[in-house]
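Enquirer: Pasting query39.txt here (compact mmCIF, C-alpha atoms):
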# COMPACT_ATOMS: atom_id res chain seq x y z
CA LEU A 23 8.46 18.17 -11.80
CA MET A 24 11.70 16.95 -10.21
CA THR A 25 14.57 14.49 -10.52
CA ILE A 26 16.24 12.47 -7.76
CA ASP A 27 19.18 11.27 -9.90
CA ALA A 28 18.09 7.63 -9.55
CA ALA A 29 15.19 5.44 -10.60
CA PRO A 30 12.35 5.93 -8.07
CA VAL A 31 11.15 3.10 -5.85
CA ALA A 32 7.38 3.26 -6.40
CA PRO A 33 5.06 4.23 -4.96
CA MET A 34 5.81 7.64 -3.49
CA ALA A 35 4.31 8.90 -0.20
CA TYR A 36 2.63 12.22 0.61
CA THR A 37 1.57 14.12 3.70
CA ASP A 38 0.37 17.66 4.30
CA ASP A 39 1.95 17.79 7.78
CA PHE A 40 5.61 16.76 7.98
CA GLY A 41 6.55 18.98 10.91
CA GLU A 42 8.35 22.20 10.04
CA HIS A 43 8.45 21.22 6.35
CA GLY A 44 4.66 21.20 5.93
CA GLU A 45 3.39 19.46 2.80
CA VAL A 46 5.95 16.99 1.40
CA VAL A 47 6.43 14.05 -0.95
CA ALA A 48 8.73 11.21 0.14
CA ILE A 49 10.50 9.35 -2.66
CA GLY A 50 12.91 6.44 -2.39
CA GLY A 51 15.61 5.85 -4.98
CA GLU A 52 17.22 2.64 -6.19
CA ASP A 53 20.51 4.10 -4.92
CA GLY A 54 19.22 3.57 -1.35
CA ARG A 55 18.47 7.23 -0.60
CA VAL A 56 15.18 8.60 0.75
CA HIS A 57 14.23 12.10 -0.41
CA ILE A 58 11.83 14.58 1.18
CA ILE A 59 10.55 17.15 -1.33
CA LYS A 60 8.65 20.23 -0.11
CA THR A 61 5.73 20.90 -2.45
CA LEU A 62 5.84 24.63 -1.64
CA ASP A 63 8.94 25.15 -3.78
CA TRP A 64 9.90 21.57 -4.83
CA SER A 65 13.14 21.77 -2.87
CA GLU A 66 14.77 19.34 -0.45
CA PRO A 67 15.24 20.60 3.14
CA ASP A 68 18.53 20.57 5.05
CA GLY A 69 19.46 17.13 6.36
CA TRP A 70 17.97 15.32 3.36
CA PRO A 71 18.26 12.98 1.51
CA PHE A 72 18.73 10.21 4.05
CA SER A 73 21.06 7.45 2.85
CA THR A 74 20.69 3.83 3.94
CA PHE A 75 24.06 2.94 2.31
CA SER A 76 22.19 -0.09 1.01
CA TYR A 77 19.26 -0.89 -1.28
CA LEU A 78 15.66 -0.16 -0.37
CA VAL A 79 13.38 -3.18 0.08
CA THR A 80 10.25 -1.07 0.54
CA HIS A 81 8.95 2.30 -0.58
CA PRO A 82 8.85 5.11 2.03
CA VAL A 83 5.93 5.26 4.48
CA LEU A 84 5.01 8.52 6.24
CA PHE A 85 3.36 8.62 9.67
CA THR A 86 2.68 11.07 12.48
CA THR A 87 2.92 10.74 16.27
CA GLU A 88 2.72 13.18 19.17
CA ALA A 89 6.53 13.38 18.81
CA GLY A 90 6.26 14.63 15.22
CA GLY A 91 6.43 13.24 11.72
CA PHE A 92 8.52 10.27 10.57
CA VAL A 93 9.32 8.25 7.46
CA THR A 94 10.15 4.54 7.56
CA VAL A 95 11.69 2.09 5.06
CA THR A 96 13.44 -1.27 5.18
CA ASP A 97 16.74 -1.96 3.44
CA SER A 98 18.65 -4.93 2.05
CA GLY A 99 20.94 -4.90 5.09
CA GLY A 100 18.07 -6.33 7.17
CA ARG A 101 17.34 -3.00 8.88
CA LEU A 102 14.12 -1.16 9.61
CA ARG A 103 14.88 2.57 9.43
CA ILE A 104 12.79 5.29 11.09
CA VAL A 105 13.81 8.87 10.25
CA ALA A 106 12.53 12.11 11.80
CA THR A 107 11.80 15.37 9.97
CA ASP A 108 15.39 16.58 10.45
CA GLY A 109 16.77 13.61 8.51
CA ALA A 110 18.16 11.83 11.60
CA GLU A 111 17.20 8.50 13.16
CA PRO A 112 15.89 8.67 16.76
CA GLU A 113 18.68 7.45 19.02
CA GLY A 114 18.04 4.03 20.52
CA VAL A 115 15.05 3.41 18.24
CA SER A 116 16.42 3.11 14.73
CA PRO A 117 17.75 1.11 13.04
CA ILE A 118 16.11 -2.16 14.08
CA TYR A 119 18.22 -5.13 12.95
CA LEU A 120 17.11 -8.57 11.84
CA ALA A 121 19.17 -11.63 12.74
CA ASP A 122 21.91 -12.72 10.33
CA GLY A 123 20.47 -14.44 7.26
CA GLU A 124 17.02 -12.85 7.70
CA ARG A 125 15.50 -10.33 5.27
CA PHE A 126 12.45 -8.10 5.08
CA LEU A 127 9.59 -9.17 2.79
CA GLY A 128 6.81 -6.97 1.48
CA ASN A 129 5.94 -3.46 2.62
CA VAL A 130 5.58 -2.00 6.13
CA VAL A 131 2.11 -1.45 7.63
CA VAL A 132 1.60 1.44 10.08
CA GLY A 133 -1.68 1.40 12.00
CA SER A 134 -3.22 4.55 13.43
CA ASP A 135 -6.00 5.54 15.82
CA THR A 136 -9.10 7.61 15.03
CA THR A 137 -7.10 10.86 15.38
CA GLY A 138 -4.58 9.78 12.74
CA MET A 139 -1.76 9.21 15.22
CA ALA A 140 0.39 6.14 14.46
CA ARG A 141 0.03 3.45 17.14
CA ARG A 142 1.49 0.25 15.69
CA LEU A 143 3.98 -0.87 13.04
CA TYR A 144 3.90 -4.28 11.35
CA SER A 145 6.51 -5.97 9.16
CA LEU A 146 7.17 -9.30 7.46
CA SER A 147 10.60 -10.93 7.55
CA GLY A 148 12.01 -14.36 6.87
CA GLY A 149 14.88 -16.57 5.84
CA ASP A 150 15.81 -19.93 4.33
CA ILE A 151 17.80 -21.61 7.15
CA PRO A 152 17.14 -24.19 8.44
CA SER A 153 14.01 -24.13 6.21
CA PRO A 154 11.94 -21.36 4.57
CA HIS A 155 10.12 -19.33 7.25
CA VAL A 156 8.27 -16.03 7.55
CA TRP A 157 7.42 -14.04 10.68
CA MET A 158 4.89 -11.25 11.08
CA THR A 159 6.01 -8.86 13.81
CA GLY A 160 4.17 -5.92 15.37
CA TRP A 161 5.54 -3.08 17.50
CA ASP A 162 3.58 -0.59 19.57
CA ILE A 163 4.60 2.98 18.71
CA GLU A 164 4.80 4.98 21.94
CA VAL A 165 5.89 8.48 22.92
CA GLY A 166 7.77 9.02 26.16
CA PRO A 167 9.01 12.04 28.11
CA ASN A 168 10.31 14.99 26.08
CA ASP A 169 8.54 13.64 22.99
CA SER A 170 10.91 10.69 22.73
CA LEU A 171 9.78 7.93 20.36
CA TYR A 172 10.18 4.26 21.19
CA LEU A 173 8.87 0.92 19.93
CA SER A 174 7.88 -2.04 22.10
CA SER A 175 6.85 -5.54 21.10
CA SER A 176 5.34 -8.57 22.82
CA GLY A 177 4.80 -12.19 21.82
CA GLU A 178 1.15 -11.64 20.84
CA TYR A 179 2.28 -9.57 17.86
CA ILE A 180 4.66 -12.24 16.52
CA GLN A 181 3.17 -14.95 14.31
CA ARG A 182 4.70 -17.47 11.92
CA ILE A 183 3.23 -17.29 8.39
CA PRO A 184 3.29 -20.50 6.28
CA LEU A 185 4.69 -19.22 2.97
CA THR A 186 6.67 -21.35 0.53
CA ALA A 187 10.17 -20.58 -0.73
CA ASP A 188 8.71 -19.70 -4.14
CA GLU A 189 6.19 -17.30 -2.58
CA MET A 190 9.00 -15.64 -0.61
CA GLU A 191 10.94 -15.00 -3.84
CA GLY A 192 8.01 -13.16 -5.43
CA ARG A 193 6.41 -9.88 -4.39
CA ILE A 194 4.35 -9.92 -1.20
CA PHE A 195 1.63 -7.34 -0.57
CA PHE A 196 0.78 -6.55 3.07
CA VAL A 197 -2.33 -4.55 4.06
CA GLY A 198 -4.20 -4.22 7.36
CA GLY A 199 -6.82 -2.46 9.40
CA ASP A 200 -9.97 -3.14 11.42
CA ILE A 201 -11.01 -5.57 8.70
CA ASP A 202 -13.46 -7.70 10.70
CA PRO A 203 -15.33 -5.78 13.45
CA GLY A 204 -15.97 -9.10 15.22
CA GLU A 205 -12.26 -9.73 15.77
CA PRO A 206 -10.13 -8.06 18.46
CA ASP A 207 -7.54 -5.50 17.40
CA ASP A 208 -6.14 -5.31 13.84
CA GLU A 209 -6.28 -7.89 11.05
CA LEU A 210 -3.76 -8.14 8.22
CA TYR A 211 -3.88 -9.57 4.70
CA ILE A 212 -0.83 -11.19 3.11
CA LEU A 213 -1.09 -11.57 -0.68
CA CYS A 214 1.42 -13.64 -2.67
CA GLU A 215 2.18 -12.53 -6.21
CA ARG A 216 3.47 -15.85 -7.53
CA SER A 217 0.89 -18.26 -6.12
CA GLY A 218 -2.17 -16.00 -5.87
CA ARG A 219 -2.75 -17.08 -2.25
CA VAL A 220 -4.45 -14.62 0.11
CA LEU A 221 -4.07 -15.14 3.89
CA LEU A 222 -5.85 -13.16 6.61
CA TYR A 223 -4.38 -13.03 10.13
CA GLY A 224 -5.63 -11.52 13.37
CA ARG A 225 -4.79 -11.64 17.06
CA ARG A 226 -6.18 -15.21 17.20
CA GLY A 227 -3.98 -16.40 14.32
CA GLN A 228 -5.03 -17.38 10.80
CA LEU A 229 -8.63 -16.35 10.07
CA SER A 230 -9.02 -17.35 6.41
CA VAL A 231 -7.09 -18.56 3.36
CA ARG A 232 -8.06 -18.07 -0.28
CA ASP A 233 -6.27 -20.20 -2.85
CA ARG A 234 -8.25 -19.73 -6.07
CA GLU A 235 -6.22 -17.39 -8.32
CA LYS A 236 -2.97 -18.28 -10.10
CA ARG A 237 -1.24 -14.96 -9.36
CA ILE A 238 -1.81 -11.44 -8.04
CA VAL A 239 -0.49 -8.36 -9.81
CA ASN A 240 0.45 -5.10 -8.16
CA GLN A 241 -1.24 -3.34 -5.26
CA PRO A 242 -4.67 -4.32 -3.90
CA ALA A 243 -7.17 -2.00 -2.22
CA LEU A 244 -8.92 -2.40 1.13
CA VAL A 245 -12.36 -0.81 1.42
CA ASP A 246 -15.95 -1.58 2.50
CA LEU A 247 -17.65 -2.08 -0.88
CA ASP A 248 -20.95 -3.60 0.28
CA GLY A 249 -21.70 -1.52 3.38
CA ASP A 250 -21.59 -4.34 5.95
CA SER A 251 -18.95 -2.59 8.13
CA SER A 252 -16.22 -5.11 7.29
CA LEU A 253 -13.38 -4.18 4.92
CA ASP A 254 -13.28 -5.98 1.58
CA LEU A 255 -10.15 -6.79 -0.41
CA VAL A 256 -10.00 -5.69 -4.08
CA TYR A 257 -7.22 -7.05 -6.30
CA SER A 258 -6.44 -8.34 -9.79
CA ASP A 259 -4.70 -11.33 -11.36
CA GLY A 260 -4.08 -9.32 -14.53
CA ASN A 261 -7.20 -10.54 -16.35
CA SER A 262 -9.99 -10.20 -13.79
CA ILE A 263 -10.89 -8.01 -10.79
CA TYR A 264 -11.80 -9.68 -7.49
CA ALA A 265 -13.65 -8.29 -4.48
CA VAL A 266 -13.39 -10.61 -1.48
CA ALA A 267 -14.95 -10.59 2.01
CA PRO A 268 -12.86 -11.38 5.14
CA SER A 269 -14.17 -14.97 4.97
CA GLY A 270 -12.43 -15.40 1.60
CA ALA A 271 -15.74 -15.54 -0.33
CA ASN A 272 -16.45 -13.44 -3.43
CA LEU A 273 -18.73 -10.44 -2.99
CA SER A 274 -21.95 -10.43 -5.01
CA GLY A 275 -21.26 -9.37 -8.61
CA TRP A 276 -17.57 -10.28 -8.47
CA PRO A 277 -15.16 -11.26 -9.98
CA ARG A 278 -15.33 -9.39 -13.29
CA ARG A 279 -13.20 -10.34 -16.28
CA LEU A 280 -11.82 -7.21 -17.94
CA SER A 281 -12.27 -8.50 -21.48
CA ASP A 282 -15.99 -9.07 -20.79
CA LEU A 283 -16.66 -5.48 -19.72
CA PHE A 284 -16.30 -3.84 -23.14
CA PRO A 285 -16.00 -5.34 -26.66
CA LEU A 286 -12.41 -5.02 -27.89
CA THR A 287 -10.38 -6.91 -30.47
CA TRP A 288 -7.58 -7.76 -28.06
CA GLU A 289 -7.23 -9.42 -24.66
CA VAL A 290 -7.29 -6.79 -21.89
CA VAL A 291 -4.44 -7.18 -19.39
CA SER A 292 -3.68 -5.17 -16.26
CA ASN A 293 -0.36 -5.08 -14.45
CA GLY A 294 -0.94 -1.68 -12.90
CA SER A 295 -2.77 0.24 -10.24
CA ILE A 296 -6.12 -0.57 -8.70
CA THR A 297 -7.91 1.75 -6.29
CA ALA A 298 -11.33 1.90 -4.66
CA SER A 299 -13.58 4.21 -2.67
CA ALA A 300 -16.70 3.79 -0.58
CA SER A 301 -19.29 6.27 0.63
CA PRO A 302 -22.97 6.22 1.62
CA SER A 303 -23.73 6.47 -2.11
CA GLY A 304 -21.90 3.18 -2.78
CA GLY A 305 -18.54 1.81 -3.83
CA LEU A 306 -16.34 2.57 -6.81
CA VAL A 307 -13.37 0.64 -8.24
CA LEU A 308 -10.83 1.94 -10.78
CA ILE A 309 -8.19 -0.13 -12.56
CA GLY A 310 -5.69 0.75 -15.28
CA THR A 311 -4.61 -1.57 -18.11
CA ASP A 312 -1.42 -2.07 -20.08
CA TYR A 313 -2.92 -0.29 -23.12
CA GLY A 314 -3.70 2.86 -21.13
CA LEU A 315 -7.42 2.18 -20.65
CA LEU A 316 -9.00 3.21 -17.36
CA TYR A 317 -11.95 1.04 -16.22
CA ALA A 318 -14.49 2.13 -13.59
CA LEU A 319 -17.00 -0.16 -11.84
CA ASP A 320 -19.48 0.34 -9.01
CA GLY A 321 -19.44 -1.67 -5.79
CA HIS A 322 -21.45 -4.47 -7.41
CA GLY A 323 -19.04 -4.90 -10.34
CA ARG A 324 -21.16 -2.99 -12.87
CA PRO A 325 -19.28 -0.80 -15.41
CA LEU A 326 -19.86 2.94 -15.18
CA GLY A 327 -20.92 4.94 -18.23
CA GLY A 328 -18.14 6.67 -20.15
CA PHE A 329 -15.60 3.94 -19.35
CA PRO A 330 -13.20 2.47 -20.31
CA ARG A 331 -11.37 5.65 -21.21
CA LYS A 332 -8.01 5.95 -22.96
CA ILE A 333 -5.91 8.26 -20.78
CA SER A 334 -2.32 7.11 -21.25
CA ARG A 335 -0.01 5.01 -23.42
CA ALA A 336 0.11 2.44 -20.63
CA LEU A 337 -1.08 2.31 -17.01
CA ASP A 338 1.63 0.04 -15.63
CA SER A 339 3.01 -0.57 -12.14
CA ASN A 340 4.69 2.85 -11.98
CA ILE A 341 1.41 4.73 -12.33
CA ASP A 342 -0.84 5.60 -9.40
CA ILE A 343 -4.53 6.32 -10.04
CA LEU A 344 -5.73 8.87 -7.49
CA PRO A 345 -9.39 9.94 -7.85
CA ARG A 346 -10.05 13.46 -6.63
CA PRO A 347 -13.26 15.46 -6.03
CA ASP A 348 -12.68 17.36 -9.29
CA GLY A 349 -11.65 14.39 -11.42
CA ILE A 350 -8.90 11.78 -11.61
CA GLY A 351 -5.23 12.36 -10.86
CA ILE A 352 -2.46 10.29 -12.42
CA LEU A 353 0.84 10.23 -10.50
CA TYR A 354 3.62 8.40 -12.32
CA THR A 355 7.35 8.01 -12.82
CA ASP A 356 9.08 8.69 -16.13
CA GLY A 357 12.73 7.63 -15.96
CA ASP A 358 14.26 9.68 -13.13
CA TYR A 359 11.31 12.08 -13.10
CA VAL A 360 8.02 12.21 -11.18
CA ARG A 361 5.04 13.58 -13.08
CA TRP A 362 1.39 14.43 -12.39
CA ARG A 363 -1.66 14.68 -14.66
CA SER A 364 -5.16 15.76 -13.74
CA LEU A 365 -8.15 14.63 -15.80
CA PRO A 366 -11.81 15.64 -15.52
CA SER A 367 -14.23 12.80 -14.82
CA ASN A 368 -17.97 12.25 -14.69
CA ALA A 369 -17.49 9.32 -12.31
CA ARG A 370 -19.31 9.80 -9.02
CA ILE A 371 -16.67 10.51 -6.41
CA GLY A 372 -17.21 9.18 -2.90
CA GLU A 373 -17.28 11.43 0.14
CA ASN A 374 -14.66 9.37 1.98
CA ASP A 375 -10.92 9.12 1.43
CA TRP A 376 -9.70 6.95 -1.41
CA SER A 377 -7.97 3.70 -0.55
CA THR A 378 -4.95 2.34 -2.39
CA ALA A 379 -2.85 -0.66 -1.48
CA TRP A 380 -0.70 1.49 0.72
CA GLY A 381 -3.45 3.07 2.79
CA GLY A 382 -3.82 6.34 0.95
CA LEU A 383 -1.09 8.72 -0.08
CA SER A 384 0.90 8.25 3.14
CA ARG A 385 1.37 4.58 2.05
CA ARG A 386 0.73 3.20 5.54
CA ALA A 387 -1.14 0.17 4.06
CA TYR A 388 -3.73 0.59 6.81
CA ALA A 389 -7.47 1.19 6.37
CA ALA A 390 -9.68 2.83 8.96
CA PRO A 391 -12.79 0.93 10.13
CA SER A 392 -16.03 1.30 8.21
CA GLU A 393 -19.36 2.33 9.71
CA GLY A 394 -21.28 0.75 6.86
CA TRP A 395 -24.32 2.33 5.25
CA ILE A 396 -27.90 1.58 4.19
Since I need it in another form, could you write the structure as structure tokens?

Expert:
Amino acid sequence: LMTIDAAPVAPMAYTDDFGEHGEVVAIGGEDGRVHIIKTLDWSEPDGWPFSTFSYLVTHPVLFTTEAGGFVTVTDSGGRLRIVATDGAEPEGVSPIYLADGERFLGNVVVGSDTTGMARRLYSLSGGDIPSPHVWMTGWDIEVGPNDSLYLSSSGEYIQRIPLTADEMEGRIFFVGGDIDPGEPDDELYILCERSGRVLLYGRRGQLSVRDREKRIVNQPALVDLDGDSSLDLVYSDGNSIYAVAPSGANLSGWPRRLSDLFPLTWEVVSNGSITASASPSGGLVLIGTDYGLLYALDGHGRPLGGFPRKISRALDSNIDILPRPDGIGILYTDGDYVRWRSLPSNARIGENDWSTAWGGLSRRAYAAPSEGWI
């Protein structure tokens, strides 16, 4: 479909309302540039790409406020960048600098209200001096006179997270939302690739810790699988799929070992995408494997008929599985190119939005609250 003259920083972000540009895809490149591509004609508007003159630490995240649309990333210079639809940073707001020796870790989380307007931005940052340390910081996103954007923070949104130096060197996945209806405000999960630890934090501090898996691969999903109004965490260690309640306990029917779901002559391994959906008709989990097999399970961990299905040479970390009402979409990178495939499916598609690690296609890593179901 397009080339950005650099290897993409996956995943990409999408919105159907990026101000005057309408429907766009945001793509970061390893050269430190952020591209906005209009889907109407697959062109880049004036003022883009935006260059950080550094390397990107995170993929782009798109969000909307009363002041318009924005994209945010963090870079290797220890800066949080917020860029408006015209390709410029709001004066006095962006960039936000970390202290010398500090660096950003994991992705950015952007929380929104029930109307879809962004209200809060969370990030993880840390350093090694005088000893390894990680801070979770939250900013309120506010709009002032003349649609001016500004961020404000207070001590209640700053918490120290006890990660090890080894965990800090690996990938960190960061997802949040109204995970536990009994807790005030937002809750956020921090997942450590190298150790497999899963930590849940809220306004009152640490709420739970899970330390059972040896590692975590790629993006998790955050969705209410069992209908109890709390959001459940779905992730993989490469061999099994886990569905975990906010308490850290396994949901009924989980985990499921991939090699036990269908008789094959080789060990099934997944290092790629996982996604999930929930609706009054139940939950659904999809995961891709390194051999290009797509597995589908219901909210209780039971395999769906017609799966696994061979749909690609490999469903690795650069492939996004995006179920749609008319089937399954596969969004992936191929060298410098971004490609899309659409496949028919007899899987029952939920009525609600699909949830990926990054909070849907905008990649905000934030899940809306669940109302549960009977």

Enquirer: Counting all atoms listed in the file, which residue out of A:Ile180, A:Ser116, A:Asn129, A:Phe40 sits closest to Leu78 (chain A)?

Expert: A:Asn129

Enquirer: Which value, in Å to one decimal, gives the distance between CA of Pro154 (chain A) and CA of Ala387 (chain A)?

Expert: 25.2 Å

Enquirer: Do a neighbour search on region 230-247 of chain A at 8 Å with all atoms listed in the file, toss out local chain neighbours closer than 3 positions, and write the hits as a count of residues only.

Expert: 50

Enquirer: I'd like the contact shell of Tyr144 (chain A) - 7 Å cut-off, only C-alpha atoms, skipping same-chain residues fewer than 5 positions apart - returned as a PDB file with C-alpha atoms, keeping the file's coordinate frame.

Expert:
ATOM      1  CA  VAL A 130       5.580  -2.000   6.130  1.00  0.00           C
ATOM      2  CA  VAL A 131       2.110  -1.450   7.630  1.00  0.00           C
ATOM      3  CA  VAL A 132       1.600   1.440  10.080  1.00  0.00           C
ATOM      4  CA  THR A 159       6.010  -8.860  13.810  1.00  0.00           C
ATOM      5  CA  GLY A 160       4.170  -5.920  15.370  1.00  0.00           C
ATOM      6  CA  TRP A 161       5.540  -3.080  17.500  1.00  0.00           C
TER       7      TRP A 161
END

Enquirer: Residues within 12 Å of Ser170 (chain A), please, as a PDB file with C-alpha atoms, keeping the file's coordinate frame. Count all atoms listed in the file; anything in the same chain fewer than 5 positions from it doesn't count.

Expert:
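Result written to out_16.pdb:
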ATOM      1  CA  THR A  87       2.920  10.740  16.270  1.00  0.00           C
ATOM      2  CA  GLU A  88       2.720  13.180  19.170  1.00  0.00           C
ATOM      3  CA  ALA A  89       6.530  13.380  18.810  1.00  0.00           C
ATOM      4  CA  GLY A  90       6.260  14.630  15.220  1.00  0.00           C
ATOM      5  CA  ALA A 106      12.530  12.110  11.800  1.00  0.00           C
ATOM      6  CA  GLU A 111      17.200   8.500  13.160  1.00  0.00           C
ATOM      7  CA  PRO A 112      15.890   8.670  16.760  1.00  0.00           C
ATOM      8  CA  GLU A 113      18.680   7.450  19.020  1.00  0.00           C
ATOM      9  CA  GLY A 114      18.040   4.030  20.520  1.00  0.00           C
ATOM     10  CA  VAL A 115      15.050   3.410  18.240  1.00  0.00           C
ATOM     11  CA  ILE A 163       4.600   2.980  18.710  1.00  0.00           C
ATOM     12  CA  GLU A 164       4.800   4.980  21.940  1.00  0.00           C
ATOM     13  CA  VAL A 165       5.890   8.480  22.920  1.00  0.00           C
TER      14      VAL A 165
END

Enquirer: Using only C-alpha atoms, can you tell me which of A:Gly109, A:Gly100, A:Pro30, A:Pro184 comes closest to His43 (chain A)?

Expert: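 Of A:Gly109, A:Gly100, A:Pro30, A:Pro184, the one nearest His43 (chain A), counting only C-alpha atoms, is A:Gly109.
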
Enquirer: Between A:Ser274, A:Thr311, A:Ser76, A:Ser145, which is the closest to Val56 (chain A) once you count all atoms listed in the file?

Expert: A:Ser76

Enquirer: Can you work out which one of A:Gly133, A:Pro325, A:Gly314, A:Gly224 has the shortest atom-to-atom distance to Pro391 (chain A), counting only C-alpha atoms?

Expert: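 Closest to Pro391 (chain A) of all the choices is A:Gly133.
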